[in-house]
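For reference, input_38.tsv (TSV, C-alpha atoms):
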```tsv
chain	number	residue	atom	x	y	z
A	1	MET	CA	104.05	116.98	125.93
A	2	THR	CA	102.64	118.43	122.72
A	3	PHE	CA	106.12	118.83	121.29
A	4	THR	CA	106.85	115.19	122.07
A	5	LYS	CA	103.67	114.07	120.30
A	6	VAL	CA	104.55	116.15	117.27
A	7	VAL	CA	108.00	114.61	117.11
A	8	LEU	CA	106.54	111.13	117.48
A	9	THR	CA	104.09	111.80	114.68
A	10	LEU	CA	106.83	113.07	112.42
A	11	LEU	CA	108.83	109.96	113.21
A	12	LEU	CA	105.84	107.76	112.44
A	13	PHE	CA	105.25	109.41	109.09
A	14	THR	CA	108.81	109.91	107.93
A	15	VAL	CA	111.12	107.48	109.64
A	16	CYS	CA	109.33	104.76	111.49
A	17	LEU	CA	107.52	103.60	108.40
A	18	SER	CA	110.77	102.54	106.82
A	19	PRO	CA	111.22	98.82	106.28
A	20	SER	CA	113.71	98.63	109.15
A	21	CYS	CA	111.12	99.96	111.59
A	22	ALA	CA	108.08	98.16	110.22
A	23	GLY	CA	107.66	94.45	110.75
A	24	ARG	CA	105.84	91.71	112.55
A	25	GLY	CA	103.97	92.76	115.63
A	26	ASN	CA	101.71	90.78	117.89
A	27	ARG	CA	100.68	87.26	117.01
A	28	LEU	CA	97.00	87.25	116.09
A	29	GLU	CA	96.12	83.63	115.45
A	30	SER	CA	97.58	80.36	114.32
A	31	TRP	CA	96.33	77.23	112.63
A	32	GLU	CA	97.99	73.96	111.61
A	33	THR	CA	97.34	70.73	109.81
A	34	THR	CA	99.30	67.55	109.14
A	35	ASN	CA	99.56	64.34	107.19
A	36	LYS	CA	101.57	61.25	108.11
A	37	SER	CA	104.91	62.87	107.26
A	38	PHE	CA	104.85	66.57	107.97
A	39	ARG	CA	102.96	69.42	109.56
A	40	VAL	CA	102.13	72.85	108.17
A	41	ARG	CA	101.38	75.86	110.37
A	42	ILE	CA	100.18	79.33	109.42
A	43	THR	CA	100.47	82.18	111.89
A	44	ALA	CA	99.06	85.67	111.36
A	45	TYR	CA	100.88	88.64	112.90
A	46	ASP	CA	99.80	92.24	113.14
A	47	GLU	CA	102.10	94.68	111.36
A	48	ARG	CA	103.83	97.23	113.58
A	49	GLY	CA	105.50	100.53	112.76
A	50	VAL	CA	103.17	101.51	109.93
A	51	TYR	CA	100.26	103.89	109.57
A	52	LEU	CA	97.75	101.53	107.95
A	53	HIS	CA	98.34	98.14	109.49
A	54	GLY	CA	98.75	95.11	107.31
A	55	THR	CA	99.15	91.48	108.33
A	56	TYR	CA	102.02	89.03	108.02
A	57	TYR	CA	101.16	85.40	107.29
A	58	VAL	CA	104.03	83.13	108.22
A	59	PHE	CA	104.03	79.60	106.79
A	60	GLU	CA	106.09	76.96	108.62
A	61	SER	CA	106.57	73.22	108.42
A	62	ALA	CA	107.85	70.50	110.73
A	63	ARG	CA	108.18	66.75	110.61
A	64	ALA	CA	105.19	64.88	112.00
A	65	GLY	CA	105.65	64.51	115.73
A	66	SER	CA	108.26	67.26	115.86
A	67	ASP	CA	108.02	70.84	117.06
A	68	ALA	CA	111.08	71.96	115.11
A	69	TRP	CA	109.20	74.45	112.98
A	70	ARG	CA	110.93	75.99	109.99
A	71	GLU	CA	109.59	79.01	108.18
A	72	PHE	CA	109.32	78.59	104.42
A	73	MET	CA	107.15	81.46	103.20
A	74	THR	CA	105.88	84.83	104.41
A	75	LEU	CA	103.16	86.88	102.78
A	76	ARG	CA	102.44	90.45	103.81
A	77	HIS	CA	98.91	91.59	103.07
A	78	ASP	CA	97.58	95.16	103.26
A	79	ASP	CA	94.43	93.88	104.96
A	80	ARG	CA	93.61	91.00	107.28
A	81	PRO	CA	92.00	88.17	105.33
A	82	GLU	CA	91.31	84.91	107.12
A	83	ILE	CA	93.98	82.24	107.32
A	84	PRO	CA	93.39	80.16	104.18
A	85	LYS	CA	92.76	76.82	105.87
A	86	ASP	CA	91.38	75.21	102.73
A	87	GLN	CA	94.44	76.21	100.74
A	88	VAL	CA	96.86	73.83	102.43
A	89	ARG	CA	96.74	70.53	100.59
A	90	PHE	CA	98.55	67.20	100.64
A	91	VAL	CA	98.91	65.22	97.41
A	92	ASN	CA	100.56	62.26	99.15
A	93	ASP	CA	102.86	61.71	102.15
A	94	ASN	CA	105.71	63.70	100.60
A	95	VAL	CA	104.00	66.18	98.31
A	96	GLY	CA	102.03	69.10	99.64
A	97	TYR	CA	101.33	72.66	98.63
A	98	VAL	CA	99.91	75.90	99.97
A	99	PHE	CA	98.75	79.08	98.31
A	100	MET	CA	97.50	82.46	99.38
A	101	GLY	CA	96.98	85.68	97.48
A	102	TRP	CA	99.73	85.82	94.90
A	103	MET	CA	102.08	83.21	96.41
A	104	PHE	CA	102.37	79.45	96.12
A	105	ALA	CA	104.71	76.95	97.82
A	106	VAL	CA	105.22	73.25	97.19
A	107	THR	CA	107.28	70.50	98.78
A	108	THR	CA	108.03	67.09	97.29
A	109	ASP	CA	110.20	65.78	100.13
A	110	GLY	CA	107.88	65.80	103.09
A	111	GLY	CA	108.40	69.44	104.04
A	112	ASN	CA	112.19	69.43	104.15
A	113	THR	CA	112.46	71.89	101.26
A	114	TRP	CA	109.92	74.15	99.66
A	115	SER	CA	109.80	75.86	96.29
A	116	ILE	CA	108.22	79.31	96.43
A	117	TRP	CA	106.41	80.96	93.52
A	118	ASP	CA	105.57	84.63	93.88
A	119	ALA	CA	103.47	85.81	90.95
A	120	THR	CA	104.50	89.44	91.39
A	121	ARG	CA	108.14	88.37	91.08
A	122	ASP	CA	108.02	85.33	88.80
A	123	VAL	CA	105.57	86.47	86.12
A	124	PRO	CA	107.54	88.86	83.89
A	125	ASP	CA	104.67	91.13	82.89
A	126	TRP	CA	102.76	90.96	86.16
A	127	GLN	CA	100.07	93.61	86.65
A	128	TRP	CA	97.14	93.34	88.99
A	129	SER	CA	94.87	94.67	86.28
A	130	LYS	CA	95.99	91.89	83.93
A	131	TYR	CA	96.12	88.90	86.25
A	132	GLY	CA	94.71	88.56	89.79
A	133	VAL	CA	94.99	86.50	92.95
A	134	ILE	CA	95.16	82.72	93.09
A	135	ARG	CA	91.68	81.28	93.41
A	136	ASP	CA	92.55	77.61	93.16
A	137	VAL	CA	95.42	75.22	92.43
A	138	ARG	CA	95.20	71.57	91.48
A	139	LEU	CA	98.27	69.32	91.42
A	140	GLU	CA	98.22	65.72	90.22
A	141	LEU	CA	100.45	62.84	91.27
A	142	ASP	CA	102.38	63.03	87.98
A	143	GLY	CA	103.40	66.62	88.72
A	144	SER	CA	101.02	68.28	86.33
A	145	GLY	CA	98.73	70.98	87.57
A	146	LYS	CA	96.64	74.04	86.92
A	147	MET	CA	96.35	77.38	88.68
A	148	VAL	CA	93.20	79.46	88.33
A	149	LEU	CA	93.34	83.17	89.03
A	150	GLU	CA	90.62	85.54	90.15
A	151	PRO	CA	90.63	89.18	88.97
A	152	VAL	CA	90.66	91.80	91.70
A	153	ASP	CA	89.26	94.71	89.70
A	154	ASP	CA	86.55	93.26	87.48
A	155	ALA	CA	84.96	89.92	88.19
A	156	ASN	CA	83.98	89.57	84.54
A	157	ARG	CA	87.48	90.09	83.18
A	158	LYS	CA	89.03	86.99	81.67
A	159	VAL	CA	92.36	86.11	83.24
A	160	PRO	CA	95.05	83.72	82.05
A	161	GLU	CA	95.44	80.36	83.76
A	162	PHE	CA	98.81	78.86	84.62
A	163	ARG	CA	100.00	75.30	84.12
A	164	THR	CA	102.88	73.27	85.54
A	165	ASN	CA	104.55	69.94	84.81
A	166	ASP	CA	106.96	69.91	87.74
A	167	PHE	CA	104.72	70.04	90.82
A	168	GLY	CA	104.41	73.81	90.65
A	169	ARG	CA	108.08	74.75	90.75
A	170	HIS	CA	107.47	76.55	87.50
A	171	TRP	CA	104.23	77.90	86.06
A	172	ARG	CA	103.52	79.12	82.57
A	173	ALA	CA	100.59	81.25	81.46
A	174	ASP	CA	98.17	79.24	79.39
B	1	MET	CA	67.41	125.55	124.68
B	2	GLU	CA	67.89	127.16	121.31
B	3	ILE	CA	71.19	125.43	120.97
B	4	ALA	CA	69.63	122.09	121.83
B	5	GLN	CA	66.86	122.62	119.30
B	6	SER	CA	69.38	123.65	116.68
B	7	GLN	CA	71.31	120.48	117.28
B	8	ALA	CA	68.16	118.43	116.99
B	9	ASP	CA	67.30	120.17	113.74
B	10	ARG	CA	70.77	119.49	112.47
B	11	TYR	CA	70.50	115.79	113.20
B	12	LEU	CA	67.05	115.66	111.67
B	13	ALA	CA	68.27	117.34	108.51
B	14	ARG	CA	71.14	114.89	108.32
B	15	ALA	CA	68.76	111.99	108.79
B	16	GLN	CA	66.60	113.22	105.94
B	17	LEU	CA	69.50	113.78	103.63
B	18	GLY	CA	71.19	110.59	104.68
B	19	ALA	CA	68.18	108.51	103.93
B	20	ALA	CA	67.82	110.21	100.60
B	21	GLY	CA	71.40	109.49	99.62
B	22	LEU	CA	70.82	106.00	98.41
B	23	SER	CA	67.81	103.88	99.18
B	24	ALA	CA	68.02	100.13	99.62
B	25	SER	CA	66.24	99.62	96.31
B	26	GLN	CA	68.69	101.91	94.54
B	27	ILE	CA	71.59	99.96	95.98
B	28	ALA	CA	70.02	96.68	94.98
B	29	ASP	CA	69.43	98.01	91.49
B	30	GLY	CA	72.92	99.42	91.17
B	31	ASP	CA	71.36	102.83	90.47
B	32	VAL	CA	73.91	105.61	90.91
B	33	ARG	CA	71.37	108.45	90.73
B	34	TRP	CA	70.05	110.26	93.73
B	35	GLY	CA	67.04	112.41	94.37
B	36	HIS	CA	64.14	110.00	94.67
B	37	ASN	CA	62.13	110.28	97.90
B	38	PHE	CA	64.37	113.11	98.93
B	39	PHE	CA	62.26	114.04	101.95
B	40	PRO	CA	60.70	110.86	103.26
B	41	SER	CA	58.26	110.73	106.14
B	42	LEU	CA	59.63	112.32	109.29
B	43	ALA	CA	57.89	109.70	111.39
B	44	SER	CA	60.50	107.10	110.52
B	45	PHE	CA	63.35	109.13	112.05
B	46	PRO	CA	63.29	109.38	115.82
B	47	GLN	CA	65.12	112.65	116.51
B	48	LYS	CA	66.57	111.83	119.87
B	49	THR	CA	68.19	108.57	118.86
B	50	TYR	CA	69.77	109.58	115.57
B	51	ASP	CA	73.52	108.97	115.56
B	52	PRO	CA	75.34	109.97	112.36
B	53	ARG	CA	78.02	107.37	113.04
B	54	VAL	CA	75.41	104.63	113.05
B	55	ASP	CA	73.76	106.06	109.95
B	56	PHE	CA	77.06	106.10	108.08
B	57	ARG	CA	78.12	102.69	109.37
B	58	ASP	CA	74.88	101.02	108.40
B	59	TYR	CA	75.05	102.60	104.96
B	60	ALA	CA	78.66	101.49	104.51
B	61	GLU	CA	77.91	97.98	105.72
B	62	GLN	CA	75.00	97.72	103.31
B	63	LEU	CA	77.17	98.97	100.46
B	64	SER	CA	79.96	96.56	101.37
B	65	ARG	CA	77.60	93.64	100.79
B	66	ASN	CA	76.34	94.95	97.46
B	67	ASN	CA	78.04	93.12	94.62
B	68	SER	CA	76.20	94.94	91.86
B	69	ILE	CA	78.31	98.11	91.93
B	70	THR	CA	82.06	98.64	91.99
B	71	ASP	CA	84.13	99.45	95.05
B	72	CYS	CA	85.21	102.74	93.51
B	73	LEU	CA	81.63	103.85	93.03
B	74	LYS	CA	81.01	102.82	96.63
B	75	LEU	CA	83.89	105.07	97.67
B	76	ALA	CA	82.37	108.05	95.86
B	77	GLN	CA	78.97	107.30	97.39
B	78	LEU	CA	80.47	106.97	100.85
B	79	ILE	CA	82.10	110.38	100.52
B	80	TYR	CA	78.77	111.85	99.51
B	81	LYS	CA	77.04	110.11	102.39
B	82	ALA	CA	79.68	111.31	104.86
B	83	GLY	CA	79.10	114.84	103.64
B	84	GLN	CA	75.41	114.46	104.27
B	85	VAL	CA	75.62	113.04	107.77
B	86	PHE	CA	78.78	114.68	109.11
B	87	GLY	CA	78.83	117.95	107.17
B	88	GLY	CA	77.00	121.17	107.80
B	89	LYS	CA	73.24	121.47	107.73
B	90	ASN	CA	73.31	123.47	104.51
B	91	PRO	CA	75.71	123.84	101.56
B	92	PHE	CA	77.15	127.02	103.06
B	93	GLU	CA	78.13	125.35	106.28
B	94	TYR	CA	80.39	122.58	105.12
B	95	SER	CA	82.52	121.07	107.84
B	96	GLY	CA	85.53	119.48	106.24
B	97	ARG	CA	86.96	118.32	109.52
B	98	ASP	CA	83.87	116.44	110.62
B	99	ILE	CA	83.46	114.84	107.20
B	100	ILE	CA	87.03	113.59	107.15
B	101	HIS	CA	86.81	112.33	110.70
B	102	GLY	CA	83.55	110.57	109.93
B	103	LEU	CA	84.97	108.94	106.82
B	104	MET	CA	88.09	107.79	108.60
B	105	ALA	CA	86.26	106.52	111.67
B	106	GLY	CA	83.88	104.55	109.51
B	107	LEU	CA	86.36	103.08	107.04
B	108	THR	CA	89.79	102.89	108.68
B	109	GLU	CA	91.35	102.04	112.03
B	110	TYR	CA	91.77	105.76	112.75
B	111	SER	CA	89.34	108.58	113.29
B	112	GLN	CA	91.79	111.35	112.47
B	113	VAL	CA	95.42	112.19	111.83
B	114	ASN	CA	97.06	115.32	113.12
B	115	LEU	CA	100.42	116.34	114.49
B	116	GLY	CA	99.36	114.81	117.79
B	117	GLY	CA	99.30	111.41	116.09
B	118	PRO	CA	96.61	109.15	114.66
B	119	GLU	CA	93.58	108.57	116.86
B	120	PRO	CA	92.12	105.05	116.78
B	121	SER	CA	88.60	104.52	115.54
B	122	HIS	CA	85.93	102.64	117.48
B	123	ARG	CA	85.28	99.07	116.40
B	124	ASP	CA	81.51	99.54	116.68
B	125	TYR	CA	81.41	102.19	113.96
B	126	ARG	CA	83.82	101.02	111.27
B	127	VAL	CA	83.25	98.74	108.29
B	128	GLY	CA	85.64	96.54	106.34
B	129	VAL	CA	88.70	97.10	108.52
B	130	PHE	CA	89.15	94.19	110.94
B	131	ARG	CA	87.32	90.95	110.37
B	132	ASN	CA	86.37	90.53	114.04
B	133	ASP	CA	84.72	93.96	114.20
B	134	PRO	CA	80.96	93.63	114.75
B	135	HIS	CA	80.15	95.48	111.50
B	136	PHE	CA	82.96	94.26	109.26
B	137	GLY	CA	80.37	93.60	106.54
B	138	GLY	CA	81.53	92.36	103.19
B	139	SER	CA	84.56	94.64	103.26
B	140	PHE	CA	85.71	96.47	100.14
B	141	GLY	CA	88.18	95.69	97.37
B	142	ALA	CA	89.58	97.35	94.28
B	143	SER	CA	86.93	96.88	91.63
B	144	GLY	CA	86.25	99.92	89.49
B	145	PHE	CA	89.45	101.68	90.46
B	146	ARG	CA	91.72	102.92	87.68
B	147	ALA	CA	93.93	100.10	86.46
B	148	GLY	CA	97.02	101.70	87.98
B	149	PHE	CA	95.43	101.78	91.43
B	150	VAL	CA	94.38	98.13	91.59
B	151	ASP	CA	95.84	95.61	94.00
B	152	PRO	CA	94.28	92.76	95.98
B	153	SER	CA	93.30	94.77	99.04
B	154	ASN	CA	90.75	97.20	100.42
B	155	GLN	CA	91.55	100.29	98.36
B	156	VAL	CA	88.65	102.19	99.91
B	157	ARG	CA	90.43	101.99	103.26
B	158	HIS	CA	93.77	102.89	101.69
B	159	PHE	CA	92.33	105.93	99.94
B	160	VAL	CA	90.44	107.21	102.96
B	161	GLY	CA	93.45	106.66	105.22
B	162	TYR	CA	95.64	108.87	103.07
B	163	LEU	CA	92.86	111.32	102.37
B	164	GLY	CA	92.73	111.87	106.12
B	165	ALA	CA	96.50	112.07	106.42
B	166	GLY	CA	96.66	114.69	103.66
B	167	TYR	CA	93.89	116.65	105.33
B	168	GLY	CA	95.41	116.39	108.78
B	169	ILE	CA	99.10	116.99	108.22
B	170	GLY	CA	99.34	118.16	104.60
B	171	ALA	CA	100.35	116.40	101.42
B	172	THR	CA	104.11	116.79	101.80
B	173	LEU	CA	104.37	115.05	105.15
B	174	ALA	CA	101.68	112.52	104.34
B	175	ASN	CA	103.48	111.62	101.12
B	176	GLN	CA	106.70	110.99	103.02
B	177	GLY	CA	104.81	108.54	105.17
B	178	LEU	CA	103.26	106.98	102.11
B	179	TYR	CA	106.64	106.49	100.45
B	180	SER	CA	108.08	105.01	103.63
B	181	GLN	CA	105.16	102.66	104.16
B	182	GLU	CA	105.28	101.40	100.58
B	183	GLY	CA	109.06	101.34	100.40
B	184	THR	CA	109.11	103.35	97.18
B	185	ASN	CA	108.03	106.69	95.71
B	186	ASN	CA	107.19	105.08	92.37
B	187	PRO	CA	103.67	106.22	91.47
B	188	ASN	CA	103.28	103.16	89.26
B	189	VAL	CA	102.98	101.08	92.42
B	190	PRO	CA	99.20	100.99	92.93
B	191	ASP	CA	99.19	101.99	96.60
B	192	VAL	CA	101.59	104.86	95.95
B	193	GLY	CA	99.68	106.20	92.97
B	194	LEU	CA	96.37	105.97	94.82
B	195	GLY	CA	97.86	107.44	97.98
B	196	LEU	CA	99.24	110.44	96.10
B	197	VAL	CA	95.81	111.28	94.72
B	198	ALA	CA	94.33	110.82	98.19
B	199	THR	CA	96.81	113.10	99.97
B	200	ASP	CA	96.40	115.72	97.26
B	201	LEU	CA	92.62	115.71	97.52
B	202	GLY	CA	92.79	115.59	101.32
B	203	SER	CA	95.17	118.52	101.60
B	204	ARG	CA	92.85	120.68	99.49
B	205	PHE	CA	89.56	119.55	101.00
B	206	SER	CA	87.56	122.31	102.60
B	207	GLY	CA	84.25	120.54	103.05
B	208	ASN	CA	82.76	120.46	99.55
B	209	TYR	CA	81.92	116.78	99.61
B	210	LYS	CA	80.05	116.83	96.33
B	211	GLN	CA	83.16	118.05	94.57
B	212	LEU	CA	85.27	115.48	96.40
B	213	ALA	CA	82.94	112.69	95.29
B	214	GLN	CA	83.20	113.94	91.69
B	215	ASP	CA	87.00	114.21	91.95
B	216	VAL	CA	87.19	110.63	93.18
B	217	TRP	CA	84.89	109.49	90.41
B	218	HIS	CA	87.18	111.12	87.83
B	219	ARG	CA	90.68	110.75	89.26
B	220	VAL	CA	90.35	107.49	91.18
B	221	CYS	CA	87.70	105.61	89.24
B	222	GLY	CA	88.90	107.00	85.90
B	223	GLN	CA	85.43	108.04	84.74
B	224	SER	CA	85.02	110.93	82.32
B	225	SER	CA	81.32	111.52	82.97
B	226	ASN	CA	80.00	113.12	86.14
B	227	LEU	CA	78.28	111.25	88.91
B	228	ASN	CA	74.64	112.26	89.00
B	229	LEU	CA	74.41	113.91	92.42
B	230	PRO	CA	71.43	115.91	93.73
```
Would you mind giving the structure from this file in structure tokens?
Amino acid sequence: MTFTKVVLTLLLFTVCLSPSCAGRGNRLESWETTNKSFRVRITAYDERGVYLHGTYYVFESARAGSDAWREFMTLRHDDRPEIPKDQVRFVNDNVGYVFMGWMFAVTTDGGNTWSIWDATRDVPDWQWSKYGVIRDVRLELDGSGKMVLEPVDDANRKVPEFRTNDFGRHWRAD
Amino acid sequence: MEIAQSQADRYLARAQLGAAGLSASQIADGDVRWGHNFFPSLASFPQKTYDPRVDFRDYAEQLSRNNSITDCLKLAQLIYKAGQVFGGKNPFEYSGRDIIHGLMAGLTEYSQVNLGGPEPSHRDYRVGVFRNDPHFGGSFGASGFRAGFVDPSNQVRHFVGYLGAGYGIGATLANQGLYSQEGTNNPNVPDVGLGLVATDLGSRFSGNYKQLAQDVWHRVCGQSSNLNLP
């Protein structure tokens, strides 16, 4: 019995924590909203196969009145922040956007396609100690918009803002 | 009977030291010094009901809601507090195991890690781990940590988790788990760099919590001065 537990622990610490073993575990909670054209759903899943559990946030969309959900973005967080219900926004019937942490997604065709912006991937010199997480995003009907960041290490540190002219498909540091 | 009295004395001493660790006014003022009111009135500490887990939890929850000091300083203070309430009754009777277990149980989803596997912590005694826990508090973040250890998550939990892993199963094995969990062994990744310091400190911890608090202050918070500890 003890030998088995030792082997299991070794597996947990050396093998089972590999990306192939880790992944989505139990569904924790779900929340959705809609406009006239499309629905957006966010589901939080526990992370399995890791020592310190994180949380997966799966973002999906479907046409209004349909249950044909399609996943368009997944964010894995080390902790378990609340589902960001106030960070799913509709500009009009076809344009909507979501943001959480360091990721942003926008659709301009009623949820059929989404453009994903991941700050850690899409900002060339990304460092947490230079930038931060997304605090707010504002998009206008003409496609212009502004993204405000929030530092994670020093609330008084000044962080760059980002601007877009194409509904958030591309952002540039201001 | 002697044993029972000794245990009572031990709890009482912990209560005194715990209360002296950081008063509410010190927290509110952001004062990092200790030593004021070091032996407060005994009447305020009922011997029979003192529970070090509650003492540590309440302290951690109070700290988690304090926005006037950084999360890294909170980490150092929590280590000091854990030493006071879970350690030995005098500086010559440090109990590294109890301190690590107390830290983990209060700040992570585990109470210990050993070759028998991680043991889950109790939701009533941990702070900042799961939002639906009764004492989640204000949680912790990454403020005050060295720039290379910053990411948008609870780095107090991350540090303590790997401190306990290093203590329980050694740095080599704990580091393998760290690399696997993070998908890289690149120390420039904040969680990896922080985890490596944590497993190193954990693997060498023998109960000297004052030294551990100073080591965290220097190596994790990046401070060159010493914390002013009693």
Leaving out A:Glu82 and any residue of its chain fewer than 6 positions from it, which residues lie within 10 Å of it when counting all atoms listed in the file, given as a ChimeraX atom specification? /A:29,44,57 /B:131
Enumerate, as an NGL selection string, the protein, DNA and RNA residues whose atoms approach (78.9, 97.4, 110.2) to within 9 Å, taking into account only C-alpha atoms and the coordinate frame of the file. :B and (54 or 57-62 or 64 or 106 or 124-128 or 133-137)
Expected answer as a PDB file with C-alpha atoms, in the coordinates of the input: chain B residues within 6 Å of chain A, all atoms listed in the file:
```pdb
ATOM      1  CA  LEU B 115     100.420 116.340 114.490  1.00  0.00           C
ATOM      2  CA  GLY B 116      99.360 114.810 117.790  1.00  0.00           C
ATOM      3  CA  GLY B 117      99.300 111.410 116.090  1.00  0.00           C
ATOM      4  CA  ALA B 142      89.580  97.350  94.280  1.00  0.00           C
ATOM      5  CA  SER B 143      86.930  96.880  91.630  1.00  0.00           C
ATOM      6  CA  ALA B 147      93.930 100.100  86.460  1.00  0.00           C
ATOM      7  CA  ASP B 151      95.840  95.610  94.000  1.00  0.00           C
ATOM      8  CA  PRO B 152      94.280  92.760  95.980  1.00  0.00           C
ATOM      9  CA  GLN B 176     106.700 110.990 103.020  1.00  0.00           C
ATOM     10  CA  GLY B 177     104.810 108.540 105.170  1.00  0.00           C
ATOM     11  CA  SER B 180     108.080 105.010 103.630  1.00  0.00           C
ATOM     12  CA  GLN B 181     105.160 102.660 104.160  1.00  0.00           C
TER      13      GLN B 181
END
```
Compile the contact shell of stretch 106-122 of chain A as a VMD selection string: residues with an atom at most 9 Å away, counting all atoms listed in the file, same-chain residues fewer than 6 positions apart removed. chain A and resid 37 to 40 61 to 63 70 72 to 73 93 to 99 128 133 167 to 171
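One finds atom CA of A:Phe90 at 14.7 Å from atom CA of A:Glu60.
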If we count only C-alpha atoms, what is near B:His101 at a cut-off of 9 Å, once residues fewer than 6 positions away on the same chain are taken out, given as a VMD selection string? chain B and resid 86 110 to 113 164
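Ranking A:Tyr56, A:Val159, A:Ile42, A:Phe104 by their shortest atom-to-atom distance to A:Gly25, with all atoms listed in the file included, puts A:Tyr56 first.
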Quick one: distance from atom CA of B:Phe140 to atom CA of B:Asp71 in Å, one decimal? 6.1 Å
Which polymer residues, whether protein, DNA or RNA, lie within 7 Å of the coordinate (83.1, 109.0, 96.6) when you count only C-alpha atoms? List them as an mmCIF file with C-alpha atoms, keeping the file's coordinate frame, using the chain letters and numbers from the file.
```cif
data_model
loop_
_atom_site.group_PDB
_atom_site.id
_atom_site.type_symbol
_atom_site.label_atom_id
_atom_site.label_comp_id
_atom_site.auth_asym_id
_atom_site.auth_seq_id
_atom_site.Cartn_x
_atom_site.Cartn_y
_atom_site.Cartn_z
ATOM 1 C CA LEU B 73 81.630 103.850 93.030
ATOM 2 C CA LYS B 74 81.010 102.820 96.630
ATOM 3 C CA LEU B 75 83.890 105.070 97.670
ATOM 4 C CA ALA B 76 82.370 108.050 95.860
ATOM 5 C CA GLN B 77 78.970 107.300 97.390
ATOM 6 C CA LEU B 78 80.470 106.970 100.850
ATOM 7 C CA ILE B 79 82.100 110.380 100.520
ATOM 8 C CA TYR B 80 78.770 111.850 99.510
ATOM 9 C CA LEU B 212 85.270 115.480 96.400
ATOM 10 C CA ALA B 213 82.940 112.690 95.290
ATOM 11 C CA GLN B 214 83.200 113.940 91.690
ATOM 12 C CA VAL B 216 87.190 110.630 93.180
ATOM 13 C CA TRP B 217 84.890 109.490 90.410
#
```
Which of these, B:Gly144, B:Gly96, B:Gly161, B:Gly102, has the shortest distance to B:Pro118 once you count all atoms listed in the file? B:Gly161
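One finds atom CA of B:Gly168 at 12.0 Å from atom CA of B:Ala198.
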Kindly reconstruct stretch 82-93 of chain A with N, CA and C atoms and present the result as a PDB file, keeping the file's coordinate frame.
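The new file selection00.pdb reads:
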```pdb
ATOM      1  N   GLU A  82      91.238  86.080 106.246  1.00  0.00           N
ATOM      2  CA  GLU A  82      91.310  84.910 107.120  1.00  0.00           C
ATOM      3  C   GLU A  82      92.467  84.002 106.698  1.00  0.00           C
ATOM      4  N   ILE A  83      92.986  83.256 107.650  1.00  0.00           N
ATOM      5  CA  ILE A  83      93.980  82.240 107.320  1.00  0.00           C
ATOM      6  C   ILE A  83      93.350  81.252 106.350  1.00  0.00           C
ATOM      7  N   PRO A  84      94.023  80.981 105.238  1.00  0.00           N
ATOM      8  CA  PRO A  84      93.390  80.160 104.180  1.00  0.00           C
ATOM      9  C   PRO A  84      93.489  78.659 104.488  1.00  0.00           C
ATOM     10  N   LYS A  85      92.643  78.200 105.397  1.00  0.00           N
ATOM     11  CA  LYS A  85      92.760  76.820 105.870  1.00  0.00           C
ATOM     12  C   LYS A  85      92.494  75.798 104.762  1.00  0.00           C
ATOM     13  N   ASP A  86      91.678  76.168 103.795  1.00  0.00           N
ATOM     14  CA  ASP A  86      91.380  75.210 102.730  1.00  0.00           C
ATOM     15  C   ASP A  86      92.377  75.308 101.572  1.00  0.00           C
ATOM     16  N   GLN A  87      93.447  76.061 101.784  1.00  0.00           N
ATOM     17  CA  GLN A  87      94.440  76.210 100.740  1.00  0.00           C
ATOM     18  C   GLN A  87      95.788  75.609 101.147  1.00  0.00           C
ATOM     19  N   VAL A  88      95.713  74.666 102.076  1.00  0.00           N
ATOM     20  CA  VAL A  88      96.860  73.830 102.430  1.00  0.00           C
ATOM     21  C   VAL A  88      96.465  72.404 102.073  1.00  0.00           C
ATOM     22  N   ARG A  89      97.199  71.816 101.133  1.00  0.00           N
ATOM     23  CA  ARG A  89      96.740  70.530 100.590  1.00  0.00           C
ATOM     24  C   ARG A  89      97.891  69.532 100.485  1.00  0.00           C
ATOM     25  N   PHE A  90      97.569  68.279 100.761  1.00  0.00           N
ATOM     26  CA  PHE A  90      98.550  67.200 100.640  1.00  0.00           C
ATOM     27  C   PHE A  90      98.175  66.323  99.450  1.00  0.00           C
ATOM     28  N   VAL A  91      99.143  66.100  98.553  1.00  0.00           N
ATOM     29  CA  VAL A  91      98.910  65.220  97.410  1.00  0.00           C
ATOM     30  C   VAL A  91      99.186  63.778  97.813  1.00  0.00           C
ATOM     31  N   ASN A  92     100.256  63.565  98.545  1.00  0.00           N
ATOM     32  CA  ASN A  92     100.560  62.260  99.150  1.00  0.00           C
ATOM     33  C   ASN A  92     101.435  62.536 100.386  1.00  0.00           C
ATOM     34  N   ASP A  93     102.107  61.510 100.902  1.00  0.00           N
ATOM     35  CA  ASP A  93     102.860  61.710 102.150  1.00  0.00           C
ATOM     36  C   ASP A  93     104.003  62.720 101.996  1.00  0.00           C
TER      37      ASP A  93
END
```
